[in-house]
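Listing of upload.cif; format and content: mmCIF, C-alpha atoms.
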data_start
#
loop_
_atom_site.label_atom_id
_atom_site.label_comp_id
_atom_site.auth_asym_id
_atom_site.auth_seq_id
_atom_site.Cartn_x
_atom_site.Cartn_y
_atom_site.Cartn_z
CA MET S 1 -19.44 -27.91 1.58
CA SER S 2 -17.24 -25.06 0.36
CA GLY S 3 -18.68 -25.27 -3.15
CA ASN S 4 -22.32 -25.13 -2.09
CA SER S 5 -24.41 -22.08 -2.77
CA LEU S 6 -25.56 -20.04 0.20
CA ALA S 7 -29.18 -20.91 -0.50
CA ALA S 8 -28.43 -24.60 0.08
CA SER S 9 -27.18 -24.04 3.62
CA TRP S 10 -28.58 -20.74 4.87
CA SER S 11 -32.01 -19.20 4.51
CA ALA S 12 -31.43 -15.52 5.20
CA THR S 13 -34.12 -12.92 5.82
CA PRO S 14 -33.76 -9.64 3.91
CA ILE S 15 -32.38 -6.93 6.17
CA GLY S 16 -35.08 -4.58 7.44
CA ARG S 17 -34.77 -0.87 7.93
CA THR S 18 -34.21 -0.17 11.63
CA ALA S 19 -32.38 2.44 13.66
CA ALA S 20 -29.13 0.47 13.35
CA PRO S 21 -26.98 1.35 10.31
CA LEU S 22 -27.56 -1.08 7.44
CA ARG S 23 -23.90 -2.03 7.31
CA GLU S 24 -23.92 -3.00 11.00
CA GLN S 25 -27.04 -5.11 10.50
CA VAL S 26 -25.40 -7.04 7.67
CA ILE S 27 -22.22 -7.57 9.69
CA ALA S 28 -24.22 -8.83 12.67
CA THR S 29 -26.33 -11.14 10.50
CA LEU S 30 -23.32 -12.72 8.76
CA ARG S 31 -21.36 -12.98 12.03
CA GLN S 32 -24.25 -14.83 13.68
CA ALA S 33 -24.64 -17.15 10.68
CA ILE S 34 -20.96 -18.09 11.03
CA ILE S 35 -21.26 -18.62 14.79
CA ASP S 36 -24.35 -20.81 14.29
CA PHE S 37 -22.63 -22.82 11.49
CA HIS S 38 -25.19 -21.87 8.89
CA LEU S 39 -22.10 -20.65 7.04
CA VAL S 40 -19.35 -23.21 7.56
CA PRO S 41 -15.54 -22.87 7.42
CA GLY S 42 -14.36 -22.86 3.83
CA GLN S 43 -17.72 -21.87 2.38
CA ARG S 44 -17.63 -19.28 -0.38
CA LEU S 45 -19.42 -16.01 0.28
CA VAL S 46 -20.56 -15.01 -3.18
CA GLU S 47 -21.38 -11.32 -3.36
CA ARG S 48 -24.28 -11.79 -5.78
CA GLU S 49 -25.93 -14.36 -3.51
CA LEU S 50 -25.46 -12.18 -0.42
CA ILE S 51 -26.95 -9.19 -2.23
CA GLU S 52 -30.00 -11.22 -3.28
CA SER S 53 -30.58 -12.98 0.06
CA LEU S 54 -30.07 -9.91 2.26
CA GLY S 55 -31.62 -7.35 -0.06
CA VAL S 56 -28.77 -4.85 0.23
CA SER S 57 -26.32 -3.17 -2.13
CA ARG S 58 -23.00 -4.50 -3.35
CA THR S 59 -21.22 -1.71 -1.49
CA THR S 60 -22.84 -2.70 1.81
CA VAL S 61 -21.92 -6.37 1.30
CA ARG S 62 -18.32 -5.50 0.48
CA GLU S 63 -18.02 -3.24 3.54
CA ALA S 64 -19.44 -6.01 5.74
CA LEU S 65 -17.04 -8.60 4.33
CA ARG S 66 -14.09 -6.26 4.92
CA GLU S 67 -15.12 -5.82 8.55
CA LEU S 68 -15.54 -9.58 9.07
CA ALA S 69 -12.14 -10.13 7.45
CA SER S 70 -10.61 -7.72 9.99
CA GLU S 71 -12.20 -9.85 12.76
CA GLY S 72 -10.67 -13.01 11.30
CA LEU S 73 -14.04 -14.58 10.45
CA VAL S 74 -13.72 -14.15 6.69
CA THR S 75 -10.69 -14.69 4.47
CA VAL S 76 -10.30 -13.13 1.02
CA VAL S 77 -8.66 -15.64 -1.31
CA PRO S 78 -7.12 -14.40 -4.59
CA GLN S 79 -9.16 -15.53 -7.61
CA ARG S 80 -11.85 -17.03 -5.35
CA GLY S 81 -13.24 -14.13 -3.39
CA ALA S 82 -14.33 -14.30 0.24
CA ILE S 83 -14.72 -17.53 2.22
CA VAL S 84 -15.55 -18.31 5.83
CA THR S 85 -12.18 -18.59 7.55
CA VAL S 86 -10.72 -22.03 8.18
CA PRO S 87 -8.47 -21.74 11.28
CA SER S 88 -4.90 -22.90 10.71
CA LEU S 89 -3.32 -25.24 13.24
CA ASP S 90 -1.08 -22.46 14.57
CA ASP S 91 -4.05 -20.09 14.90
CA ALA S 92 -6.04 -22.76 16.73
CA VAL S 93 -3.21 -23.38 19.21
CA ASP S 94 -2.86 -19.66 19.90
CA LEU S 95 -6.62 -19.12 20.26
CA TYR S 96 -6.87 -21.88 22.85
CA GLU S 97 -3.96 -20.45 24.84
CA VAL S 98 -5.62 -17.04 24.83
CA ARG S 99 -8.88 -18.63 25.99
CA ALA S 100 -7.12 -20.52 28.79
CA SER S 101 -5.56 -17.32 30.11
CA LEU S 102 -8.65 -15.14 29.81
CA GLU S 103 -11.12 -17.67 31.18
CA SER S 104 -8.85 -18.48 34.13
CA LEU S 105 -8.87 -14.78 34.97
CA VAL S 106 -12.65 -14.62 34.63
CA VAL S 107 -13.02 -17.50 37.08
CA GLN S 108 -10.67 -15.80 39.54
CA ARG S 109 -12.71 -12.59 39.35
CA PHE S 110 -15.94 -14.56 39.74
CA VAL S 111 -14.67 -16.10 42.97
CA GLU S 112 -13.70 -12.65 44.24
CA ARG S 113 -16.81 -10.75 43.19
CA ALA S 114 -19.81 -13.04 42.64
CA SER S 115 -22.61 -13.33 45.17
CA ASP S 116 -23.72 -16.64 46.64
CA ASP S 117 -26.82 -16.41 44.44
CA GLN S 118 -24.64 -16.10 41.33
CA VAL S 119 -22.65 -19.15 42.42
CA ALA S 120 -25.94 -21.03 42.70
CA GLN S 121 -26.94 -19.78 39.22
CA LEU S 122 -23.65 -21.08 37.85
CA ALA S 123 -24.28 -24.50 39.37
CA ARG S 124 -27.75 -24.56 37.83
CA ALA S 125 -26.30 -23.63 34.43
CA VAL S 126 -23.95 -26.62 34.64
CA GLU S 127 -26.81 -28.97 35.49
CA GLN S 128 -28.86 -27.58 32.60
CA PHE S 129 -25.88 -28.21 30.33
CA ALA S 130 -25.70 -31.77 31.69
CA ALA S 131 -29.41 -32.29 30.94
CA VAL S 132 -28.94 -31.14 27.35
CA VAL S 133 -25.94 -33.44 26.86
CA GLU S 134 -27.78 -36.42 28.38
CA SER S 135 -30.75 -35.79 26.10
CA GLY S 136 -28.60 -36.58 23.07
CA ALA S 137 -28.93 -33.08 21.63
CA GLU S 138 -27.01 -31.86 18.59
CA VAL S 139 -23.70 -30.07 19.00
CA ARG S 140 -25.31 -26.71 18.24
CA GLU S 141 -27.72 -27.13 21.18
CA ILE S 142 -24.90 -28.32 23.45
CA LEU S 143 -22.87 -25.24 22.57
CA ALA S 144 -25.86 -23.00 23.31
CA ALA S 145 -26.28 -24.64 26.71
CA LYS S 146 -22.62 -24.18 27.54
CA ASN S 147 -22.84 -20.55 26.49
CA GLU S 148 -25.39 -20.05 29.29
CA PHE S 149 -22.69 -21.13 31.75
CA TYR S 150 -20.46 -18.39 30.36
CA VAL S 151 -23.23 -15.79 30.55
CA VAL S 152 -23.52 -16.36 34.32
CA LEU S 153 -19.75 -16.62 34.78
CA ILE S 154 -19.00 -13.35 33.00
CA ALA S 155 -21.82 -11.50 34.75
CA GLY S 156 -20.52 -12.56 38.17
CA ALA S 157 -16.92 -11.75 37.27
CA ALA S 158 -17.93 -8.14 36.54
CA THR S 159 -14.89 -7.44 34.39
CA ASN S 160 -15.76 -5.48 31.27
CA ALA S 161 -12.21 -5.43 29.94
CA VAL S 162 -11.83 -9.22 29.94
CA GLN S 163 -15.38 -9.68 28.68
CA GLN S 164 -14.60 -7.54 25.64
CA LEU S 165 -11.47 -9.55 24.90
CA LEU S 166 -13.39 -12.83 25.12
CA GLU S 167 -16.14 -11.53 22.87
CA ALA S 168 -13.53 -10.52 20.30
CA ILE S 169 -12.42 -14.13 19.84
CA GLN S 170 -15.73 -15.89 20.53
CA ALA S 171 -16.75 -16.39 16.92
CA ARG S 172 -13.26 -17.49 15.89
CA VAL S 173 -13.14 -20.24 18.50
CA GLN S 174 -16.71 -21.42 17.93
CA VAL S 175 -15.80 -23.91 15.21
CA LEU S 176 -13.02 -25.29 17.41
CA ARG S 177 -15.40 -25.67 20.36
CA ALA S 178 -17.87 -27.52 18.16
CA THR S 179 -15.12 -29.83 16.92
CA SER S 180 -14.11 -30.66 20.48
CA LEU S 181 -17.65 -31.24 21.77
CA ALA S 182 -18.50 -33.41 18.76
CA GLU S 183 -15.85 -35.97 19.72
CA PRO S 184 -17.45 -39.09 21.25
CA GLY S 185 -17.57 -38.85 25.04
CA ARG S 186 -16.14 -35.34 25.23
CA ALA S 187 -19.39 -33.59 26.19
CA HIS S 188 -19.85 -35.98 29.12
CA ASP S 189 -16.29 -35.26 30.27
CA VAL S 190 -17.07 -31.55 30.14
CA ILE S 191 -19.92 -32.06 32.63
CA ALA S 192 -17.49 -33.45 35.20
CA GLU S 193 -14.95 -30.69 34.51
CA LEU S 194 -17.52 -27.91 34.92
CA ARG S 195 -18.88 -29.44 38.12
CA ALA S 196 -15.36 -29.51 39.56
CA ILE S 197 -14.86 -25.85 38.61
CA VAL S 198 -18.12 -24.86 40.29
CA ALA S 199 -17.22 -26.85 43.43
CA ALA S 200 -13.93 -24.93 43.71
CA ILE S 201 -15.77 -21.65 43.12
CA ALA S 202 -18.33 -22.51 45.81
CA SER S 203 -15.43 -23.09 48.21
CA ARG S 204 -14.10 -19.65 47.20
CA ASP S 205 -10.82 -21.24 46.16
CA ALA S 206 -9.78 -18.90 43.35
CA THR S 207 -6.45 -20.61 42.67
CA ARG S 208 -7.97 -24.08 42.37
CA ALA S 209 -10.90 -22.87 40.26
CA SER S 210 -8.58 -21.01 37.86
CA GLU S 211 -6.32 -24.04 37.51
CA LEU S 212 -9.30 -26.27 36.75
CA MET S 213 -10.60 -23.83 34.13
CA ALA S 214 -7.21 -23.70 32.39
CA ALA S 215 -7.04 -27.50 32.44
CA HIS S 216 -10.57 -27.67 30.98
CA ILE S 217 -9.63 -25.39 28.08
CA ARG S 218 -6.38 -27.22 27.36
CA THR S 219 -8.16 -30.59 27.36
CA ALA S 220 -10.65 -29.16 24.86
CA ALA S 221 -7.69 -27.95 22.80
CA ARG S 222 -6.10 -31.38 22.67
CA THR S 223 -9.40 -32.93 21.64
CA ALA S 224 -10.11 -30.38 18.91
CA LEU S 225 -6.58 -30.26 17.53
CA SER S 226 -6.30 -34.02 17.34
CA SER S 227 -9.24 -33.91 14.95
#
Write-out of the structure in structure tokens:
Amino acid sequence: MSGNSLAASWSATPIGRTAAPLREQVIATLRQAIIDFHLVPGQRLVERELIESLGVSRTTVREALRELASEGLVTVVPQRGAIVTVPSLDDAVDLYEVRASLESLVVQRFVERASDDQVAQLARAVEQFAAVVESGAEVREILAAKNEFYVVLIAGAATNAVQQLLEAIQARVQVLRATSLAEPGRAHDVIAELRAIVAAIASRDATRASELMAAHIRTAARTALSS
């Protein structure tokens, strides 16, 4: 799909004039389009098309692309211009290891700090994820359902520092998460893994819950990287 025009894959709405700086609006719009796979890895980001679809200046587009390149979401290729980043194998391995470490810590903090009501919310989020998977939903919907699990988890962990680190790599790992969940049978395995994590959390067993979370991430890594 890397040769397709933007119009063929993404119907953007011209950026409106709000209190947020125009540059930040463009960055946020493009970042979300990458996270949602409207702009796919390897796809060219043609300045002229971005200018026309977003209704902004060339300078604003170039500033936005530079910022997204600094985040690792966009890669500037000599003679080709900007493309949506395609993670290398080494990058993918490293990103999964970072996720395993950070998310294990989040689970530990959740066990230490979350209320019983938040534990119950987490369990409900897992069952909602299971319902979405069992319904035969598309990968994008499955990812959105799993993200709800993380929303509850991070809120209960109450650790701003780790949350910021996770958010910094979220978009970069999204394509890898989608690759893993798209593998036949993987989403159903994830249900069992998340239920086991929640059971350990409900028992207030921080060590066990952290170990299960790390194992969950590393299983996802093996699935994605084998693809």
For this file, the PyMOL selection byres ((chain S and resi 103-116) around 12) selects which residues, as number ranges by chain? S: 95-102, 117-123, 149-167, 169-170, 194, 197-218
Please, what distance in Å, to one decimal, runs between atom CA of Leu225 of chain S and atom CA of Glu183 of chain S? 11.1 Å
Residue nearest Asp91 of chain S - candidates S:Val173, S:Ser226, S:Ala187, S:Thr59, atoms counted: only C-alpha atoms: S:Val173
Hey, what's within 12 Å of Thr223 of chain S if we count all atoms listed in the file and toss same-chain stuff fewer than 5 positions away? As a list of chain:residue names, please?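 Result of the neighbour search: S:Ala92, S:Val93, S:Tyr96, S:Leu176, S:Arg177, S:Ala178, S:Thr179, S:Ser180, S:Leu181, S:Ala182, S:Glu183, S:Pro184, S:Gly185, S:Arg186, S:Ala187, S:Asp189, S:Val190, S:His216, S:Ile217, S:Arg218.
The coordinates place atom CA of Gln128 of chain S at 10.0 Å from atom CA of Ile142 of chain S.
Between atom CA of Ala168 of chain S and atom CA of Arg44 of chain S lies a distance of 22.8 Å.
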